[in-house]
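Student: Quick one: structure below, then a few questions.
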Amino acid sequence: MKQAVLDGFKAQFGEKEGVKAYFAPGRVNLIGEHTDYNGGHVFPCALTIGTYGAAAKREDRTIRLFSMNLDRFGVYEVSLDDIETPSPKAGWTNYPLGVVWAFAKRGMKLDKGFDMVINGNIPNGSGLSSSASLEVLTGFILRDLYGFEVSNQDIALIGQYSENNYNGCNCGIMDQFASAMGKENNAIFLDTADLSFEYAPIKLEGAKIVIANTNKKHKLTDSQYNARRSMCEEALAILQKSLDIKGLGDLSIEEFEANKHLLTDPDMQKKAKHAVYENQRTIEAVKALKDGDIEHFGKLMRQSHESLRDDYDVTGIELDTLAEEAWKIPGVIGSRMTGGGFGGCTVSIVKDEAIENFKKTVGEEYRRKIGYDATFYTVEIGNGPQVI
């Protein structure tokens, strides 16, 4: 992939001095879904698939961007002076341009433009955070090319800020944080309320992480994601009248059950319930992992999916089919939807000897019920962004 992206750069922009290759990973969240904007815990890990980039500075104020995945889109060219607001015709380039804009908002203004070519191997629209990967990649490249003093954690926050305020998706911090702070063979136990975190080694002796892609595209900005977030914010505002809490993640299950009557809208109560219960499940799951109880971790993954299906209502027939068929297979330790929902992927922990049967059986049932194929990937846990 490194050579491919360098060749792609040369094909678009010619031989250029100082061109370098970079990588930022995608992520999968093992448990803790829709908790990151509710002040709860998440448990993602970076993957060895992600977004590759080749970039070099220019001597003028022009930015030129090209995606090898979307080559029909051609080279997008824009002046640094014309990126104050996102342009509908900018398409995918609004993600890197949003990061340039967000850097400037923090006082890190580019004096000169740059050329960048990207080539990703995250399936598009799969919910494995191709957008966050691209944002982190761009931030990492800007730091390297322009010498900005900014930490990987800040790159994550800048990426989130740009997606919220430039691209209009009200996402939490998890995706960018997992990409920017990834560590090989470790997941990140992150408290989104204060960004305190610890690395937890993932020791899956005799098992692997398998991702199943529904191949139903999802686009969070257009989905009901922002509506879910608004409902949780409303629930929080109501509970705050009686309770001293900063986020739904501050509540124990007992505190929620004692006060849920304050939420008179049944749908709102279910959404808040998911945020509280999922946060506690995530804390319990990490403890189970540390205790070497992978079977309990798997049970909590299933409970997570059931809550996302029944209370948060973000799964749909495609994700439910993948998860529910996986639960029937001997050797599947746990399986659940991962990411925002409304399409995208499931993540499963599967014993080595069961992987082929899992892919075959779940794949056949999915095709029978949904009418088209799911795609399966056995993945590794990788590091954060790097020059390659």
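Residues in the structure tokens are named by chain (A, B, ... in the order shown) and by number from 1 within that chain; ligands are numbered from 1 in the order shown.
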For the structure I just gave you, how does DSSP split segment 263-351 of chain A - specifically, which residues are alpha helix (DSSP H)? Reply as a ChimeraX atom specification.
Tutor: /A:266-290,294-310,317-327
Student: If you count only C-alpha atoms, which residues fall within 7 Å of Ser179 of chain A, apart from same-chain ones fewer than 2 positions away, as a list in words?
Tutor: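 So the residues in contact are Ala24, Pro25, Gly26, Arg27, Ala46, Ser133, Val136, Asp175, Gln176, Phe177, Met181, Gly182 and Gly384 of chain A.
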Student: Set the distance at 9 Å and use only C-alpha atoms: which residues neighbour segment 30-34 of chain A once local chain neighbours fewer than 4 positions away are removed? I'd like the list as a PDB file with N, CA and C atoms, in the first residue's frame.
Tutor:
```
ATOM      1  N   ASN A  38     -22.237  10.390  25.646  1.00  0.00           N
ATOM      2  CA  ASN A  38     -23.038  10.432  26.883  1.00  0.00           C
ATOM      3  C   ASN A  38     -22.162  10.398  28.126  1.00  0.00           C
ATOM      4  N   GLY A  40     -19.745   8.325  28.825  1.00  0.00           N
ATOM      5  CA  GLY A  40     -19.523   6.962  29.304  1.00  0.00           C
ATOM      6  C   GLY A  40     -18.191   6.406  28.828  1.00  0.00           C
ATOM      7  N   HIS A  41     -18.016   5.103  29.000  1.00  0.00           N
ATOM      8  CA  HIS A  41     -16.789   4.420  28.610  1.00  0.00           C
ATOM      9  C   HIS A  41     -16.960   3.722  27.261  1.00  0.00           C
ATOM     10  N   VAL A  42     -15.850   3.621  26.544  1.00  0.00           N
ATOM     11  CA  VAL A  42     -15.819   2.875  25.287  1.00  0.00           C
ATOM     12  C   VAL A  42     -14.588   1.971  25.310  1.00  0.00           C
ATOM     13  N   PHE A  43     -14.575   0.992  24.397  1.00  0.00           N
ATOM     14  CA  PHE A  43     -13.476   0.033  24.392  1.00  0.00           C
ATOM     15  C   PHE A  43     -13.086  -0.334  22.955  1.00  0.00           C
ATOM     16  N   PRO A  44     -12.557   0.645  22.211  1.00  0.00           N
ATOM     17  CA  PRO A  44     -12.180   0.378  20.822  1.00  0.00           C
ATOM     18  C   PRO A  44     -10.720  -0.061  20.690  1.00  0.00           C
ATOM     19  N   CYS A  45     -10.381  -0.570  19.506  1.00  0.00           N
ATOM     20  CA  CYS A  45      -8.975  -0.805  19.172  1.00  0.00           C
ATOM     21  C   CYS A  45      -8.739  -0.368  17.731  1.00  0.00           C
ATOM     22  N   GLY A 172     -19.183  11.514  18.739  1.00  0.00           N
ATOM     23  CA  GLY A 172     -18.367  11.603  19.946  1.00  0.00           C
ATOM     24  C   GLY A 172     -16.888  11.494  19.601  1.00  0.00           C
ATOM     25  N   ALA A 187      -6.593  -2.897  23.316  1.00  0.00           N
ATOM     26  CA  ALA A 187      -7.745  -2.017  23.122  1.00  0.00           C
ATOM     27  C   ALA A 187      -7.610  -0.850  24.105  1.00  0.00           C
ATOM     28  N   ARG A 228     -30.701  10.615  17.865  1.00  0.00           N
ATOM     29  CA  ARG A 228     -30.457   9.852  19.093  1.00  0.00           C
ATOM     30  C   ARG A 228     -29.693  10.707  20.107  1.00  0.00           C
ATOM     31  N   ARG A 229     -28.705  11.392  19.603  1.00  0.00           N
ATOM     32  CA  ARG A 229     -27.882  12.216  20.497  1.00  0.00           C
ATOM     33  C   ARG A 229     -28.729  13.313  21.149  1.00  0.00           C
ATOM     34  N   HIS A 274     -30.325   2.660  27.622  1.00  0.00           N
ATOM     35  CA  HIS A 274     -29.201   2.056  26.885  1.00  0.00           C
ATOM     36  C   HIS A 274     -27.887   2.728  27.254  1.00  0.00           C
ATOM     37  N   ALA A 275     -27.889   4.059  27.277  1.00  0.00           N
ATOM     38  CA  ALA A 275     -26.639   4.792  27.564  1.00  0.00           C
ATOM     39  C   ALA A 275     -26.077   4.400  28.931  1.00  0.00           C
ATOM     40  N   GLU A 278     -25.259   0.342  28.971  1.00  0.00           N
ATOM     41  CA  GLU A 278     -24.124   0.017  28.094  1.00  0.00           C
ATOM     42  C   GLU A 278     -22.808   0.472  28.717  1.00  0.00           C
ATOM     43  N   ASN A 279     -22.849   1.606  29.387  1.00  0.00           N
ATOM     44  CA  ASN A 279     -21.643   2.087  30.062  1.00  0.00           C
ATOM     45  C   ASN A 279     -21.209   1.105  31.155  1.00  0.00           C
ATOM     46  N   GLN A 280     -22.159   0.640  31.936  1.00  0.00           N
ATOM     47  CA  GLN A 280     -21.835  -0.312  33.012  1.00  0.00           C
ATOM     48  C   GLN A 280     -21.378  -1.661  32.437  1.00  0.00           C
ATOM     49  N   ARG A 281     -21.984  -2.049  31.311  1.00  0.00           N
ATOM     50  CA  ARG A 281     -21.557  -3.285  30.630  1.00  0.00           C
ATOM     51  C   ARG A 281     -20.096  -3.182  30.187  1.00  0.00           C
ATOM     52  N   THR A 282     -19.721  -2.016  29.706  1.00  0.00           N
ATOM     53  CA  THR A 282     -18.354  -1.822  29.203  1.00  0.00           C
ATOM     54  C   THR A 282     -17.342  -1.922  30.341  1.00  0.00           C
ATOM     55  N   ILE A 283     -17.669  -1.309  31.468  1.00  0.00           N
ATOM     56  CA  ILE A 283     -16.785  -1.383  32.649  1.00  0.00           C
ATOM     57  C   ILE A 283     -16.641  -2.848  33.087  1.00  0.00           C
ATOM     58  N   ALA A 285     -17.114  -5.510  31.220  1.00  0.00           N
ATOM     59  CA  ALA A 285     -16.449  -6.297  30.176  1.00  0.00           C
ATOM     60  C   ALA A 285     -14.932  -6.191  30.277  1.00  0.00           C
ATOM     61  N   LEU A 300     -21.517 -10.316  27.440  1.00  0.00           N
ATOM     62  CA  LEU A 300     -21.797  -8.874  27.508  1.00  0.00           C
ATOM     63  C   LEU A 300     -21.890  -8.266  26.107  1.00  0.00           C
ATOM     64  N   MET A 301     -21.106  -8.797  25.155  1.00  0.00           N
ATOM     65  CA  MET A 301     -21.225  -8.344  23.760  1.00  0.00           C
ATOM     66  C   MET A 301     -22.643  -8.604  23.251  1.00  0.00           C
ATOM     67  N   SER A 304     -25.070  -6.229  24.769  1.00  0.00           N
ATOM     68  CA  SER A 304     -24.885  -4.918  24.136  1.00  0.00           C
ATOM     69  C   SER A 304     -25.707  -4.833  22.851  1.00  0.00           C
ATOM     70  N   LEU A 308     -28.897  -2.403  21.929  1.00  0.00           N
ATOM     71  CA  LEU A 308     -28.855  -1.521  20.745  1.00  0.00           C
ATOM     72  C   LEU A 308     -30.029  -1.806  19.815  1.00  0.00           C
ATOM     73  N   TYR A 312     -32.131   1.099  21.930  1.00  0.00           N
ATOM     74  CA  TYR A 312     -31.596   2.248  21.181  1.00  0.00           C
ATOM     75  C   TYR A 312     -32.074   2.272  19.736  1.00  0.00           C
ATOM     76  N   ARG A 336     -21.680  -8.774  18.127  1.00  0.00           N
ATOM     77  CA  ARG A 336     -22.569  -7.607  18.273  1.00  0.00           C
ATOM     78  C   ARG A 336     -22.330  -6.647  17.117  1.00  0.00           C
ATOM     79  N   MET A 337     -23.301  -5.753  16.916  1.00  0.00           N
ATOM     80  CA  MET A 337     -23.044  -4.662  15.973  1.00  0.00           C
ATOM     81  C   MET A 337     -21.975  -3.746  16.546  1.00  0.00           C
ATOM     82  N   THR A 338     -21.253  -3.076  15.663  1.00  0.00           N
ATOM     83  CA  THR A 338     -20.232  -2.120  16.099  1.00  0.00           C
ATOM     84  C   THR A 338     -20.363  -0.866  15.260  1.00  0.00           C
ATOM     85  N   GLY A 339     -20.051   0.279  15.840  1.00  0.00           N
ATOM     86  CA  GLY A 339     -20.175   1.536  15.097  1.00  0.00           C
ATOM     87  C   GLY A 339     -21.530   2.172  15.334  1.00  0.00           C
ATOM     88  N   GLY A 340     -21.899   3.081  14.473  1.00  0.00           N
ATOM     89  CA  GLY A 340     -23.109   3.870  14.668  1.00  0.00           C
ATOM     90  C   GLY A 340     -24.397   3.088  14.483  1.00  0.00           C
ATOM     91  N   VAL A 347     -18.972  -7.137  14.986  1.00  0.00           N
ATOM     92  CA  VAL A 347     -17.664  -7.625  15.432  1.00  0.00           C
ATOM     93  C   VAL A 347     -17.920  -8.896  16.247  1.00  0.00           C
ATOM     94  N   SER A 348     -17.150  -9.924  15.957  1.00  0.00           N
ATOM     95  CA  SER A 348     -17.312 -11.205  16.655  1.00  0.00           C
ATOM     96  C   SER A 348     -15.957 -11.688  17.145  1.00  0.00           C
TER      97      SER A 348
END
```
Student: One decimal, in Å: what's the spacing between atom CA of Pro385 of chain A and atom CA of Ala21 of chain A?
Tutor: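 Straight-line distance from atom CA of Pro385 of chain A to atom CA of Ala21 of chain A works out to 11.1 Å.
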Student: Which is closest to Ser129 of chain A among A:Gly331, A:Gly344, A:Gly292, A:Gly363, if we use only C-alpha atoms?
Tutor: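 Selected residue with least distance to Ser129 of chain A: A:Gly344.
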Student: Hey, what's within 9 Å of Leu262 of chain A if we count only C-alpha atoms and toss same-chain stuff fewer than 5 positions away? As a count of residues only, please?
Tutor: 5
Student: To one decimal in Å, tell me the separation between atom CA of Leu190 of chain A and atom CA of Leu97 of chain A.
Tutor: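 Interatomic distance here is 27.5 Å.
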Student: Report as an MDAnalysis selection string all protein, DNA and RNA residues lying within 10 Å of Phe9 of chain A, evaluated on only C-alpha atoms, omitting residues in the same chain fewer than 5 positions from it.
Tutor: chainID A and resid 3:4 14:16 19:21 53:56 65:68 115:118
Student: What would the file look like if the residues just selected were written as a PDB file, in the first residue's frame with N, CA and C atoms?
Tutor:
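So the final result, stored in out-v3.pdb, reads:
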```pdb
ATOM      1  N   GLN A   3       3.809   1.708  -1.477  1.00  0.00           N
ATOM      2  CA  GLN A   3       4.271   1.977  -2.835  1.00  0.00           C
ATOM      3  C   GLN A   3       3.126   2.438  -3.723  1.00  0.00           C
ATOM      4  N   ALA A   4       1.955   1.834  -3.505  1.00  0.00           N
ATOM      5  CA  ALA A   4       0.782   2.198  -4.319  1.00  0.00           C
ATOM      6  C   ALA A   4       0.434   3.670  -4.151  1.00  0.00           C
ATOM      7  N   GLY A  14       3.260  14.282 -10.344  1.00  0.00           N
ATOM      8  CA  GLY A  14       4.632  14.212 -10.843  1.00  0.00           C
ATOM      9  C   GLY A  14       5.651  13.985  -9.731  1.00  0.00           C
ATOM     10  N   GLU A  15       6.902  13.970 -10.132  1.00  0.00           N
ATOM     11  CA  GLU A  15       8.007  13.819  -9.169  1.00  0.00           C
ATOM     12  C   GLU A  15       8.036  15.056  -8.279  1.00  0.00           C
ATOM     13  N   LYS A  16       8.137  14.861  -6.987  1.00  0.00           N
ATOM     14  CA  LYS A  16       8.140  16.014  -6.093  1.00  0.00           C
ATOM     15  C   LYS A  16       9.102  15.767  -4.954  1.00  0.00           C
ATOM     16  N   VAL A  19       8.208  14.346  -0.779  1.00  0.00           N
ATOM     17  CA  VAL A  19       6.960  13.589  -0.623  1.00  0.00           C
ATOM     18  C   VAL A  19       7.206  12.405   0.314  1.00  0.00           C
ATOM     19  N   LYS A  20       6.269  12.210   1.255  1.00  0.00           N
ATOM     20  CA  LYS A  20       6.385  11.131   2.231  1.00  0.00           C
ATOM     21  C   LYS A  20       5.075  10.350   2.284  1.00  0.00           C
ATOM     22  N   ALA A  21       5.179   9.115   2.770  1.00  0.00           N
ATOM     23  CA  ALA A  21       3.989   8.264   2.900  1.00  0.00           C
ATOM     24  C   ALA A  21       3.610   8.131   4.371  1.00  0.00           C
ATOM     25  N   GLY A  53      -1.643   7.716   2.963  1.00  0.00           N
ATOM     26  CA  GLY A  53      -1.556   8.999   2.280  1.00  0.00           C
ATOM     27  C   GLY A  53      -0.132   9.291   1.846  1.00  0.00           C
ATOM     28  N   ALA A  54      -0.006  10.028   0.763  1.00  0.00           N
ATOM     29  CA  ALA A  54       1.293  10.571   0.355  1.00  0.00           C
ATOM     30  C   ALA A  54       1.088  12.072   0.197  1.00  0.00           C
ATOM     31  N   ALA A  55       1.998  12.867   0.741  1.00  0.00           N
ATOM     32  CA  ALA A  55       1.785  14.318   0.743  1.00  0.00           C
ATOM     33  C   ALA A  55       3.097  15.076   0.659  1.00  0.00           C
ATOM     34  N   ALA A  56       3.007  16.284   0.130  1.00  0.00           N
ATOM     35  CA  ALA A  56       4.160  17.191   0.072  1.00  0.00           C
ATOM     36  C   ALA A  56       3.649  18.625   0.075  1.00  0.00           C
ATOM     37  N   LEU A  65      -6.137  17.612  -3.773  1.00  0.00           N
ATOM     38  CA  LEU A  65      -6.445  16.347  -3.106  1.00  0.00           C
ATOM     39  C   LEU A  65      -6.969  15.332  -4.116  1.00  0.00           C
ATOM     40  N   PHE A  66      -6.512  14.088  -3.970  1.00  0.00           N
ATOM     41  CA  PHE A  66      -6.953  13.029  -4.873  1.00  0.00           C
ATOM     42  C   PHE A  66      -7.102  11.727  -4.100  1.00  0.00           C
ATOM     43  N   SER A  67      -8.213  11.017  -4.318  1.00  0.00           N
ATOM     44  CA  SER A  67      -8.436   9.711  -3.692  1.00  0.00           C
ATOM     45  C   SER A  67      -8.350   8.621  -4.750  1.00  0.00           C
ATOM     46  N   MET A  68      -7.469   7.652  -4.504  1.00  0.00           N
ATOM     47  CA  MET A  68      -7.358   6.514  -5.422  1.00  0.00           C
ATOM     48  C   MET A  68      -8.587   5.613  -5.336  1.00  0.00           C
ATOM     49  N   ASP A 115      -0.108  19.085  -1.572  1.00  0.00           N
ATOM     50  CA  ASP A 115      -0.727  18.061  -2.418  1.00  0.00           C
ATOM     51  C   ASP A 115      -0.844  16.785  -1.603  1.00  0.00           C
ATOM     52  N   MET A 116      -1.966  16.090  -1.723  1.00  0.00           N
ATOM     53  CA  MET A 116      -2.138  14.837  -0.981  1.00  0.00           C
ATOM     54  C   MET A 116      -2.931  13.828  -1.810  1.00  0.00           C
ATOM     55  N   VAL A 117      -2.434  12.604  -1.825  1.00  0.00           N
ATOM     56  CA  VAL A 117      -3.154  11.489  -2.441  1.00  0.00           C
ATOM     57  C   VAL A 117      -3.449  10.482  -1.329  1.00  0.00           C
ATOM     58  N   ILE A 118      -4.672   9.946  -1.300  1.00  0.00           N
ATOM     59  CA  ILE A 118      -5.001   8.933  -0.282  1.00  0.00           C
ATOM     60  C   ILE A 118      -5.460   7.647  -0.953  1.00  0.00           C
TER      61      ILE A 118
END
```
Student: Between atom CA of Thr214 of chain A and atom CA of Cys345 of chain A, what is the spacing in Å?
Tutor: 5.8 Å
Student: Counting only C-alpha atoms, which of A:Gly8, A:Gly18, A:Gly168, A:Gly50 gets nearest to Asn94 of chain A?
Tutor: A:Gly168
Student: Here is a test: counting only C-alpha atoms, which residue of A:Val75, A:Ile188, A:Ile253, A:Val100 is nearest to Ala11 of chain A?
Tutor: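 For Ala11 of chain A, the nearest of the given residues is A:Val75.
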Student: Could you tell me, as a PDB file with C-alpha atoms, in the first residue's frame, which residues of segment 202-298 of chain A DSSP assigns to strand (DSSP E) when given the backbone?
Tutor:
```
ATOM      1  CA  ALA A 207      -9.517 -16.978  18.907  1.00  0.00           C
ATOM      2  CA  LYS A 208      -9.626 -14.053  16.484  1.00  0.00           C
ATOM      3  CA  ILE A 209     -11.637 -10.894  15.897  1.00  0.00           C
ATOM      4  CA  VAL A 210     -13.809 -11.294  12.799  1.00  0.00           C
ATOM      5  CA  ILE A 211     -15.677  -8.368  11.281  1.00  0.00           C
ATOM      6  CA  ALA A 212     -18.742  -9.003   9.133  1.00  0.00           C
ATOM      7  CA  ASN A 213     -19.824  -6.189   6.826  1.00  0.00           C
TER       8      ASN A 213
END
```
Student: Could you pull the residues within 9 Å of Leu289 of chain A, counting only C-alpha atoms, minus those fewer than 5 positions along the same chain, as a PyMOL selection string?
Tutor: chain A and resi 200-203+284+294+296-297
Student: Kindly indicate which residue among A:Leu322, A:Asn69, A:Asn215, A:Phe148 lies nearest to Tyr372 of chain A, using only C-alpha atoms for the distances.
Tutor: A:Asn215
Student: Which one of A:Val387, A:Ile317, A:Val350, A:Val276 sits closest to Glu257 of chain A if you count only C-alpha atoms?
Tutor: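 That would be A:Val276, the residue with the smallest distance to Glu257 of chain A.
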Student: Under the rule that only C-alpha atoms are counted, which of A:Glu306, A:Asp60, A:Glu234, A:Glu365 is the nearest residue to Ile329 of chain A?
Tutor: A:Glu365
